[in-house]
file run_7.cif (mmCIF, C-alpha atoms)
data_work
loop_
_atom_site.group_PDB
_atom_site.id
_atom_site.type_symbol
_atom_site.label_atom_id
_atom_site.label_comp_id
_atom_site.auth_asym_id
_atom_site.auth_seq_id
_atom_site.Cartn_x
_atom_site.Cartn_y
_atom_site.Cartn_z
ATOM 1 C CA MET R 1 -35.960 79.555 36.659
ATOM 2 C CA ARG R 2 -32.225 80.029 36.537
ATOM 3 C CA ARG R 3 -29.620 78.377 34.286
ATOM 4 C CA ARG R 4 -27.227 76.090 36.197
ATOM 5 C CA VAL R 5 -24.292 73.804 35.578
ATOM 6 C CA ALA R 6 -23.776 70.613 37.603
ATOM 7 C CA LEU R 7 -20.397 68.901 37.479
ATOM 8 C CA LEU R 8 -20.113 65.331 38.713
ATOM 9 C CA ARG R 9 -16.734 64.260 40.050
ATOM 10 C CA GLY R 10 -15.017 61.142 38.776
ATOM 11 C CA VAL R 11 -17.841 59.523 36.809
ATOM 12 C CA ASN R 12 -17.348 57.416 33.673
ATOM 13 C CA VAL R 13 -13.573 57.407 34.057
ATOM 14 C CA GLY R 14 -12.004 54.042 33.285
ATOM 15 C CA GLY R 15 -15.175 52.066 33.901
ATOM 16 C CA ALA R 16 -15.694 53.227 37.488
ATOM 17 C CA LYS R 17 -18.766 55.066 38.731
ATOM 18 C CA ARG R 18 -20.866 54.554 35.607
ATOM 19 C CA VAL R 19 -23.490 57.267 35.182
ATOM 20 C CA PRO R 20 -25.197 57.044 31.791
ATOM 21 C CA MET R 21 -26.024 60.519 30.533
ATOM 22 C CA ALA R 22 -29.582 59.438 29.653
ATOM 23 C CA SER R 23 -30.021 58.416 33.297
ATOM 24 C CA LEU R 24 -28.571 61.719 34.466
ATOM 25 C CA ARG R 25 -31.051 63.614 32.272
ATOM 26 C CA ALA R 26 -33.887 61.449 33.652
ATOM 27 C CA ILE R 27 -32.807 62.226 37.214
ATOM 28 C CA ALA R 28 -32.722 65.946 36.413
ATOM 29 C CA ALA R 29 -36.243 65.745 34.947
ATOM 30 C CA LYS R 30 -37.455 63.802 37.998
ATOM 31 C CA LEU R 31 -36.132 66.639 40.170
ATOM 32 C CA GLY R 32 -38.217 69.118 38.175
ATOM 33 C CA PHE R 33 -35.409 70.717 36.192
ATOM 34 C CA GLU R 34 -36.070 71.992 32.678
ATOM 35 C CA ASN R 35 -34.141 72.598 29.447
ATOM 36 C CA ILE R 36 -31.826 69.726 30.419
ATOM 37 C CA GLN R 37 -28.667 68.936 28.483
ATOM 38 C CA THR R 38 -25.683 66.725 29.177
ATOM 39 C CA VAL R 39 -22.313 67.505 27.671
ATOM 40 C CA LEU R 40 -20.000 64.661 26.688
ATOM 41 C CA ASN R 41 -19.976 61.526 28.833
ATOM 42 C CA SER R 42 -18.119 62.970 31.798
ATOM 43 C CA GLY R 43 -20.857 64.188 34.113
ATOM 44 C CA ASN R 44 -21.643 67.680 32.859
ATOM 45 C CA LEU R 45 -25.275 68.707 33.244
ATOM 46 C CA VAL R 46 -26.745 72.044 32.138
ATOM 47 C CA PHE R 47 -30.314 72.824 33.212
ATOM 48 C CA ASP R 48 -32.839 75.384 34.398
ATOM 49 C CA ALA R 49 -34.032 75.183 37.993
ATOM 50 C CA PRO R 50 -36.050 77.338 40.364
ATOM 51 C CA ASP R 51 -34.077 79.712 42.552
ATOM 52 C CA ARG R 52 -32.666 77.554 45.321
ATOM 53 C CA ALA R 53 -29.256 77.371 46.891
ATOM 54 C CA ASN R 54 -26.692 75.642 44.673
ATOM 55 C CA ASP R 55 -25.680 73.425 47.612
ATOM 56 C CA ASP R 56 -29.267 72.238 47.984
ATOM 57 C CA LEU R 57 -29.469 71.404 44.277
ATOM 58 C CA ALA R 58 -26.141 69.555 44.462
ATOM 59 C CA GLN R 59 -27.357 67.516 47.424
ATOM 60 C CA ARG R 60 -30.616 66.626 45.680
ATOM 61 C CA ILE R 61 -28.769 65.507 42.525
ATOM 62 C CA ARG R 62 -26.208 63.551 44.573
ATOM 63 C CA GLU R 63 -28.942 61.776 46.554
ATOM 64 C CA GLU R 64 -30.937 60.838 43.426
ATOM 65 C CA ILE R 65 -27.842 59.482 41.677
ATOM 66 C CA ALA R 66 -27.056 57.355 44.733
ATOM 67 C CA ARG R 67 -30.657 56.162 45.032
ATOM 68 C CA ASP R 68 -31.322 55.497 41.339
ATOM 69 C CA LEU R 69 -27.885 54.377 40.135
ATOM 70 C CA GLY R 70 -26.090 53.272 43.294
ATOM 71 C CA VAL R 71 -23.220 55.668 42.567
ATOM 72 C CA ALA R 72 -21.689 57.958 45.182
ATOM 73 C CA THR R 73 -20.223 61.082 43.614
ATOM 74 C CA GLU R 74 -19.529 64.669 44.551
ATOM 75 C CA VAL R 75 -21.741 67.127 42.662
ATOM 76 C CA ILE R 76 -20.865 70.778 42.282
ATOM 77 C CA VAL R 77 -23.580 73.157 41.076
ATOM 78 C CA LEU R 78 -22.866 76.645 39.823
ATOM 79 C CA SER R 79 -25.106 79.274 38.321
ATOM 80 C CA ALA R 80 -24.415 79.755 34.621
ATOM 81 C CA GLU R 81 -23.123 83.236 35.448
ATOM 82 C CA HIS R 82 -20.647 81.972 38.036
ATOM 83 C CA PHE R 83 -19.516 79.156 35.745
ATOM 84 C CA ALA R 84 -18.887 81.561 32.857
ATOM 85 C CA GLN R 85 -17.124 84.011 35.171
ATOM 86 C CA ALA R 86 -14.803 81.292 36.506
ATOM 87 C CA VAL R 87 -13.922 80.227 32.968
ATOM 88 C CA SER R 88 -13.328 83.809 31.821
ATOM 89 C CA GLU R 89 -10.961 84.477 34.737
ATOM 90 C CA SER R 90 -8.406 81.909 33.570
ATOM 91 C CA PRO R 91 -4.991 83.542 33.374
ATOM 92 C CA PHE R 92 -3.631 80.740 31.183
ATOM 93 C CA ASP R 93 -5.438 81.172 27.878
ATOM 94 C CA ASP R 94 -2.191 81.992 26.126
ATOM 95 C CA LEU R 95 -0.383 78.976 27.615
ATOM 96 C CA ALA R 96 -2.882 76.430 26.353
ATOM 97 C CA ALA R 97 -1.402 75.258 23.043
ATOM 98 C CA ASN R 98 -3.394 72.091 23.720
ATOM 99 C CA PRO R 99 -6.767 72.856 25.385
ATOM 100 C CA ALA R 100 -6.886 69.357 26.898
ATOM 101 C CA ARG R 101 -3.910 70.347 29.066
ATOM 102 C CA LEU R 102 -5.432 73.458 30.580
ATOM 103 C CA LEU R 103 -7.685 72.588 33.518
ATOM 104 C CA VAL R 104 -10.141 74.546 35.576
ATOM 105 C CA THR R 105 -10.831 73.003 38.973
ATOM 106 C CA PHE R 106 -14.159 73.973 40.522
ATOM 107 C CA MET R 107 -14.639 73.608 44.264
ATOM 108 C CA ALA R 108 -17.704 72.457 46.148
ATOM 109 C CA GLU R 109 -17.254 75.658 48.172
ATOM 110 C CA PRO R 110 -14.983 78.602 47.324
ATOM 111 C CA ARG R 111 -13.355 78.330 50.764
ATOM 112 C CA TYR R 112 -11.721 75.053 49.674
ATOM 113 C CA LEU R 113 -9.465 77.058 47.366
ATOM 114 C CA ALA R 114 -7.491 78.023 50.489
ATOM 115 C CA ALA R 115 -6.143 74.460 50.658
ATOM 116 C CA LEU R 116 -4.321 75.128 47.380
ATOM 117 C CA LYS R 117 -2.713 78.408 48.458
ATOM 118 C CA PRO R 118 0.538 76.743 49.678
ATOM 119 C CA LEU R 119 0.997 75.164 46.237
ATOM 120 C CA THR R 120 1.112 78.582 44.562
ATOM 121 C CA SER R 121 4.474 79.355 46.179
ATOM 122 C CA GLU R 122 6.109 76.182 44.828
ATOM 123 C CA GLU R 123 7.995 75.968 41.540
ATOM 124 C CA TRP R 124 6.086 73.929 38.931
ATOM 125 C CA GLU R 125 7.837 75.013 35.726
ATOM 126 C CA PRO R 126 6.849 74.313 32.958
ATOM 127 C CA GLU R 127 3.493 73.800 34.675
ATOM 128 C CA ALA R 128 1.619 76.634 36.335
ATOM 129 C CA LEU R 129 -1.066 77.109 38.979
ATOM 130 C CA ALA R 130 -3.226 80.145 39.699
ATOM 131 C CA LEU R 131 -6.180 80.654 42.023
ATOM 132 C CA GLY R 132 -9.261 82.631 41.114
ATOM 133 C CA LYS R 133 -12.344 83.585 43.091
ATOM 134 C CA ARG R 134 -14.239 80.374 42.306
ATOM 135 C CA ALA R 135 -11.725 78.022 40.731
ATOM 136 C CA ALA R 136 -8.114 76.949 40.384
ATOM 137 C CA TYR R 137 -6.356 77.023 37.019
ATOM 138 C CA LEU R 138 -3.728 74.491 36.036
ATOM 139 C CA SER R 139 -1.554 74.511 32.955
ATOM 140 C CA CYS R 140 -0.081 71.047 32.400
ATOM 141 C CA PRO R 141 1.778 71.257 29.068
ATOM 142 C CA GLY R 142 3.330 67.800 29.461
ATOM 143 C CA GLY R 143 -0.048 66.139 29.973
ATOM 144 C CA VAL R 144 -2.407 65.798 32.898
ATOM 145 C CA SER R 145 -2.043 62.135 33.847
ATOM 146 C CA GLU R 146 1.677 62.435 34.641
ATOM 147 C CA SER R 147 1.574 65.995 35.953
ATOM 148 C CA PRO R 148 3.205 66.540 39.380
ATOM 149 C CA LEU R 149 1.062 69.662 39.775
ATOM 150 C CA TRP R 150 -2.171 67.793 39.058
ATOM 151 C CA LYS R 151 -1.240 65.088 41.578
ATOM 152 C CA ALA R 152 -0.458 67.706 44.237
ATOM 153 C CA VAL R 153 -3.767 69.491 43.641
ATOM 154 C CA GLU R 154 -5.692 66.203 43.854
ATOM 155 C CA ARG R 155 -3.969 65.359 47.169
ATOM 156 C CA GLN R 156 -4.871 68.764 48.587
ATOM 157 C CA ILE R 157 -8.535 68.928 47.575
ATOM 158 C CA GLY R 158 -9.588 65.278 47.566
ATOM 159 C CA VAL R 159 -13.247 65.008 46.591
ATOM 160 C CA LYS R 160 -14.007 68.669 47.315
ATOM 161 C CA GLY R 161 -13.444 69.680 43.713
ATOM 162 C CA THR R 162 -13.643 68.518 40.130
ATOM 163 C CA SER R 163 -11.702 69.557 37.062
ATOM 164 C CA ARG R 164 -12.580 70.027 33.427
ATOM 165 C CA ASN R 165 -10.251 70.723 30.540
ATOM 166 C CA TRP R 166 -10.604 73.763 28.333
ATOM 167 C CA SER R 167 -12.182 71.784 25.471
ATOM 168 C CA THR R 168 -14.947 70.486 27.738
ATOM 169 C CA LEU R 169 -15.562 73.933 29.227
ATOM 170 C CA ALA R 170 -16.056 75.408 25.758
ATOM 171 C CA LYS R 171 -18.714 72.761 25.016
ATOM 172 C CA VAL R 172 -20.507 73.416 28.317
ATOM 173 C CA LEU R 173 -20.511 77.160 27.649
ATOM 174 C CA LYS R 174 -22.244 76.581 24.297
ATOM 175 C CA CYS R 175 -25.170 74.947 26.148
ATOM 176 C CA MET R 176 -25.769 77.916 28.375
#
call {"tool": "encode", "arguments": {"input": "run_7.cif", "output": "structure tokens"}}
result
Amino acid sequence: MRRRVALLRGVNVGGAKRVPMASLRAIAAKLGFENIQTVLNSGNLVFDAPDRANDDLAQRIREEIARDLGVATEVIVLSAEHFAQAVSESPFDDLAANPARLLVTFMAEPRYLAALKPLTSEEWEPEALALGKRAAYLSCPGGVSESPLWKAVERQIGVKGTSRNWSTLAKVLKCM
């Protein structure tokens, strides 16, 4: 068994794509996962699963959510080690006066980070963007919802990634 983190994209935001966390835990149990925990109400699942490819686990979770709840959502699965490594690589720790305004964007596949490369050469001041090995890091000191950087990143990656703020990441890390 190996500790994993599954991140669901765009669930429980503004009433759309409702995925109750109790239902998500039930789906994880049905799939044979163990030591299952959900974090907050935003589609963060921490669990133990047999050694399988993360993509296979993501597909199985995605299919069960669609079948059981009628919700289509992207699911990104990372090993606990890769999740922790991506979080630790953030170059913006010192910029995050408000942890809700520092985002880490995880990609369904690391190769999708290449779509963000052109954005790194643009001027975003006072915002900032950096790319890591497994994630993109966004500092949005003026807030995320009105951030030009956030909107540009969303346009570039579409549903191939999902973001979590620093506060949420800290809570997920405590479950690992």
call {"tool": "resolve_selection", "arguments": {"input": "run_7.cif", "expression": "the PyMOL selection byres ((chain R and resi 65-67) around 12)", "output": "VMD selection string"}}
result
chain R and resid 8 11 17 to 21 23 to 28 30 to 31 43 58 to 64 68 to 75
call {"tool": "write_last_selection", "arguments": {"input": "run_7.cif", "atoms": "C-alpha atoms", "output": "PDB file, keeping the file's coordinate frame"}}
result
ATOM      1  CA  LEU R   8     -20.113  65.331  38.713  1.00  0.00           C
ATOM      2  CA  VAL R  11     -17.841  59.523  36.809  1.00  0.00           C
ATOM      3  CA  LYS R  17     -18.766  55.066  38.731  1.00  0.00           C
ATOM      4  CA  ARG R  18     -20.866  54.554  35.607  1.00  0.00           C
ATOM      5  CA  VAL R  19     -23.490  57.267  35.182  1.00  0.00           C
ATOM      6  CA  PRO R  20     -25.197  57.044  31.791  1.00  0.00           C
ATOM      7  CA  MET R  21     -26.024  60.519  30.533  1.00  0.00           C
ATOM      8  CA  SER R  23     -30.021  58.416  33.297  1.00  0.00           C
ATOM      9  CA  LEU R  24     -28.571  61.719  34.466  1.00  0.00           C
ATOM     10  CA  ARG R  25     -31.051  63.614  32.272  1.00  0.00           C
ATOM     11  CA  ALA R  26     -33.887  61.449  33.652  1.00  0.00           C
ATOM     12  CA  ILE R  27     -32.807  62.226  37.214  1.00  0.00           C
ATOM     13  CA  ALA R  28     -32.722  65.946  36.413  1.00  0.00           C
ATOM     14  CA  LYS R  30     -37.455  63.802  37.998  1.00  0.00           C
ATOM     15  CA  LEU R  31     -36.132  66.639  40.170  1.00  0.00           C
ATOM     16  CA  GLY R  43     -20.857  64.188  34.113  1.00  0.00           C
ATOM     17  CA  ALA R  58     -26.141  69.555  44.462  1.00  0.00           C
ATOM     18  CA  GLN R  59     -27.357  67.516  47.424  1.00  0.00           C
ATOM     19  CA  ARG R  60     -30.616  66.626  45.680  1.00  0.00           C
ATOM     20  CA  ILE R  61     -28.769  65.507  42.525  1.00  0.00           C
ATOM     21  CA  ARG R  62     -26.208  63.551  44.573  1.00  0.00           C
ATOM     22  CA  GLU R  63     -28.942  61.776  46.554  1.00  0.00           C
ATOM     23  CA  GLU R  64     -30.937  60.838  43.426  1.00  0.00           C
ATOM     24  CA  ASP R  68     -31.322  55.497  41.339  1.00  0.00           C
ATOM     25  CA  LEU R  69     -27.885  54.377  40.135  1.00  0.00           C
ATOM     26  CA  GLY R  70     -26.090  53.272  43.294  1.00  0.00           C
ATOM     27  CA  VAL R  71     -23.220  55.668  42.567  1.00  0.00           C
ATOM     28  CA  ALA R  72     -21.689  57.958  45.182  1.00  0.00           C
ATOM     29  CA  THR R  73     -20.223  61.082  43.614  1.00  0.00           C
ATOM     30  CA  GLU R  74     -19.529  64.669  44.551  1.00  0.00           C
ATOM     31  CA  VAL R  75     -21.741  67.127  42.662  1.00  0.00           C
TER      32      VAL R  75
END
call {"tool": "atom_distance", "arguments": {"input": "run_7.cif", "atom1": "CA of Ala128 (chain R)", "atom2": "CA of Gly142 (chain R)"}}
result
11.3 Å
call {"tool": "atom_distance", "arguments": {"input": "run_7.cif", "atom1": "CA of Glu109 (chain R)", "atom2": "CA of Leu40 (chain R)"}}
result
24.3 Å
call {"tool": "atom_distance", "arguments": {"input": "run_7.cif", "atom1": "CA of Pro148 (chain R)", "atom2": "CA of Gln85 (chain R)"}}
result
27.1 Å
call {"tool": "residues_around", "arguments": {"input": "run_7.cif", "residues": "region 34-37 of chain R", "least_positions_apart": "3", "cutoff": "8 Å", "atoms": "all atoms listed in the file", "output": "count of residues only"}}
result
9
call {"tool": "residues_around", "arguments": {"input": "run_7.cif", "residues": "Pro50 (chain R)", "least_positions_apart": "6", "cutoff": "12 Å", "atoms": "all atoms listed in the file", "output": "NGL selection string"}}
result
:R and (1-4 or 31-34 or 56-57 or 79)
call {"tool": "axis_aligned_box", "arguments": {"input": "run_7.cif", "around": "region 23-34 of chain R", "padding_each_side": "6 Å", "output": "lines of an AutoDock Vina configuration file"}}
result
center_x = -33.4
center_y = 65.2
center_z = 36.2
size_x = 21.6
size_y = 25.6
size_z = 19.9
call {"tool": "resolve_selection", "arguments": {"input": "run_7.cif", "expression": "the PyMOL selection byres ((chain R and resi 161) around 12)", "output": "JSON, numbers by chain"}}
result
{"R": [7, 8, 9, 10, 73, 74, 75, 76, 77, 104, 105, 106, 107, 108, 109, 110, 111, 112, 113, 115, 116, 134, 135, 136, 153, 154, 155, 156, 157, 158, 159, 160, 162, 163, 164]}
call {"tool": "closest_residue", "arguments": {"input": "run_7.cif", "among": "R:Ala152, R:Ala84, R:Ala130, R:Val39", "to": "Lys171 (chain R)", "atoms": "only C-alpha atoms"}}
result
R:Val39
call {"tool": "residues_around", "arguments": {"input": "run_7.cif", "residues": "Cys140 (chain R)", "least_positions_apart": "3", "cutoff": "6 Å", "atoms": "only C-alpha atoms", "output": "PyMOL selection string"}}
result
chain R and resi 101+127+143-144
call {"tool": "closest_residue", "arguments": {"input": "run_7.cif", "among": "R:Asn12, R:Ser147, R:Asn44, R:Ser139", "to": "Pro99 (chain R)", "atoms": "only C-alpha atoms"}}
result
R:Ser139
call {"tool": "closest_residue", "arguments": {"input": "run_7.cif", "among": "R:Ala114, R:Leu102, R:Leu129, R:Leu119", "to": "Trp166 (chain R)", "atoms": "all atoms listed in the file"}}
result
R:Leu102
call {"tool": "closest_residue", "arguments": {"input": "run_7.cif", "among": "R:Ser42, R:Ala22, R:Glu81, R:Glu89", "to": "Gly132 (chain R)", "atoms": "only C-alpha atoms"}}
result
R:Glu89
